[in-house]
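Visitor: There's a structure below that I have some questions on.
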Protein chains: 2
Amino acid sequence: MFPAPVEQLITELSKLPGIGRRSAQRLAFYLLGRPRDDAAALAAAIIDVKDKISFCRRCFNFTEEELCVFCRDARRDDALICVVEEPSDIIPIEKGGEYRGLYHVLGGSLSPLDGIDPEHLRIKELVERVQTGDVAEVILATNPNTSGESTALYIADLLRDKLRVTRLASGLPVGADLEYADEATVSRALMGRREL
Amino acid sequence: MFPAPVEQLITELSKLPGIGRRSAQRLAFYLLGRPRDDAAALAAAIIDVKDKISFCRRCFNFTEEELCVFCRDARRDDALICVVEEPSDIIPIEKGGEYRGLYHVLGGSLSPLDGIDPEHLRIKELVERVQTGDVAEVILATNPNTSGESTALYIADLLRDKLRVTRLASGLPVGADLEYADEATVSRALMGRREL
């Protein structure tokens with residue numbers, strides 16, 4: 001229906017997650033309507049990111065150098081490692097502004113049904129880091145869902161006798177309305193109740 | 001937070017319609033995780049489309065050559081012009097398989113509040129086509145919404161004394177449930193009722 005280059009662009013855009021054929025078509029038409037420089041900037045950014053970005057040798061966060069921005073920072077506390085599923089999970093923790101330790105990016109969470117077993121995540125590398133470094137505590141900050149919880153439990157079992165292993169608290173989000181909270185969150189909040 | 005090339009890609013992706021900062025981040029991370037060749041294919045498709053695609057000299061549909069695939073096709077009836085807002089509007093009409101005339105792509109619809117006046121659309125070019133060619137009928141297939149309707153009325157006023165000007169029928173979509181149809185559609189269907 002469309003000229004070959006348009007069809008090709010729609011096909012490539014449809015491969016992106018969450019982009020169906022119709023959205024891909026809309027994006028392709030948008031790019032067709034933009035000045036060539038705008039489209040070239042997007043294409044260059046895609047190539048650039050593949051050419052310049054790799055994984056931090058120590059924590060597997062994204063980096064332009066051998067070590068990521070956190071692992072390079074001498075002011076960060078290297079006795080503390082916060083374990084997350086993906087590099088994007090680092091953002092909300094950094095936004096909080098309180099955490100001063102390092103990170104370890106697993107690259108996902110355990111999900112045997114999807115074929116994601118411990119050897120597919122950077123768990124071995126975490127254990128090595130803990131054994132070779134001077135680490136006092138590992139904070140497990142995997143997502144509070146089924147696969148995140150089982151990943152946390154799996155890692156806790158591996159590390160518990162080596163050092164302090166903690167998990168982010170589960171409970172009511174700040175600003176939430178008790179009336180509308182789901183049962184699982186409320187029962188977690190009850191289990192984790194604290195003396196005032 | 002992220003290395004500069006990642007931030008740059010997120011920024012470029014956020015410029016796309018319907019892609020917010022969070023979606024852009026997800027897309028960027030997806031591309032980071034793909035083999036370089038996959039990312040390069042997307043970048044190449046973007047550049048290719050800008051280099052190879054232009055507007056048909058006659059009807060303003062997308063084309064790789066001077067005239068689009070419809071204007072080049074000698075078997076199409078050039079006495080019939082179907083006026084649409086965007087090149088993508090041609091697809092559903094071609095899918096129907098009944099229309100054998102040509103097209104004219106306006107490049108949008110009148111929307112004075114958004115600064116889209118008649119001179120921003122290819123209306124002048126349509127009038128010229130009608131005056132110089134052997135056109136018998138213009139079918140206005142702009143969208144059945146406020147701006148599409150006013151665009152159709154505006155063009156009809158310009159062409160009505162030169163040739164036959166028609167509008168796609170409005171009414172209940174095939175397969176629809178009268179119970180759930182909106183009032184505007186039902187009253188259109190009533191106004192357009194036909195003898196059986």
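Convention: chains lettered A, B, ... in structure tokens order; per-chain residue numbering from 1; ligands numbered from 1 as shown.
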I need the chain A residues near chain B as a PyMOL selection string; criterion: at most 8 Å, counting only C-alpha atoms.
Guide: chain A and resi 1-3+5-6+8-9+12-13+16-17+27+30-32+36+39-50+52-53+62-64+91
Visitor: Could you pull out the residues in range 111-164 of chain B that DSSP calls alpha helix (DSSP H) from the backbone, as a ChimeraX atom specification?
Guide: /B:123-132,146-159
Visitor: Just checking: using only C-alpha atoms, which residue out of A:Leu172, A:Val83, A:Ala181, A:Leu102 ends up closest to Leu67 in chain A?
Guide: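 Of all the options, A:Leu102 lies closest to Leu67 in chain A.
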Visitor: Kindly give the distance, in Å, that separates CA of Thr142 in chain B and CA of Ala169 in chain B, rounded to a single decimal.
Guide: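 If I compute the distance from CA of Thr142 in chain B to CA of Ala169 in chain B, I get 11.2 Å.
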Visitor: For the strand (DSSP E) assignment from backbone DSSP, which residues of range 75-106 of chain A qualify? Please present them as number ranges by chain.
Guide: A: 77-84, 101-105
Visitor: I need the chosen residues saved as a compact mmCIF listing (two decimals), in the first residue's frame, with C-alpha atoms.
Guide:
# COMPACT_ATOMS: atom_id res chain seq x y z
CA ASP A 77 29.85 3.99 50.35
CA ASP A 78 31.15 0.77 48.82
CA ALA A 79 30.19 -1.29 51.86
CA LEU A 80 26.55 -0.99 50.79
CA ILE A 81 25.11 -2.61 47.65
CA CYS A 82 21.54 -2.05 46.50
CA VAL A 83 20.42 -4.85 44.17
CA VAL A 84 17.93 -3.82 41.46
CA GLY A 101 25.89 3.21 48.48
CA LEU A 102 26.55 1.38 45.22
CA TYR A 103 24.26 -0.71 43.02
CA HIS A 104 24.12 -4.11 41.39
CA VAL A 105 21.89 -4.55 38.34
Visitor: Find the residues near Leu158 in chain B: any atom within 12 Å, counting only C-alpha atoms, skip ones fewer than 3 places away on the same chain, and give them as a ChimeraX atom specification.
Guide: /B:118,123-124,126-128,130-131,138,151-155,161-165
Visitor: Can you work out the spacing between CA of Gly115 in chain A and CA of Ala156 in chain A in Å, to one decimal?
Guide: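 Those two atoms sit 21.1 Å apart.
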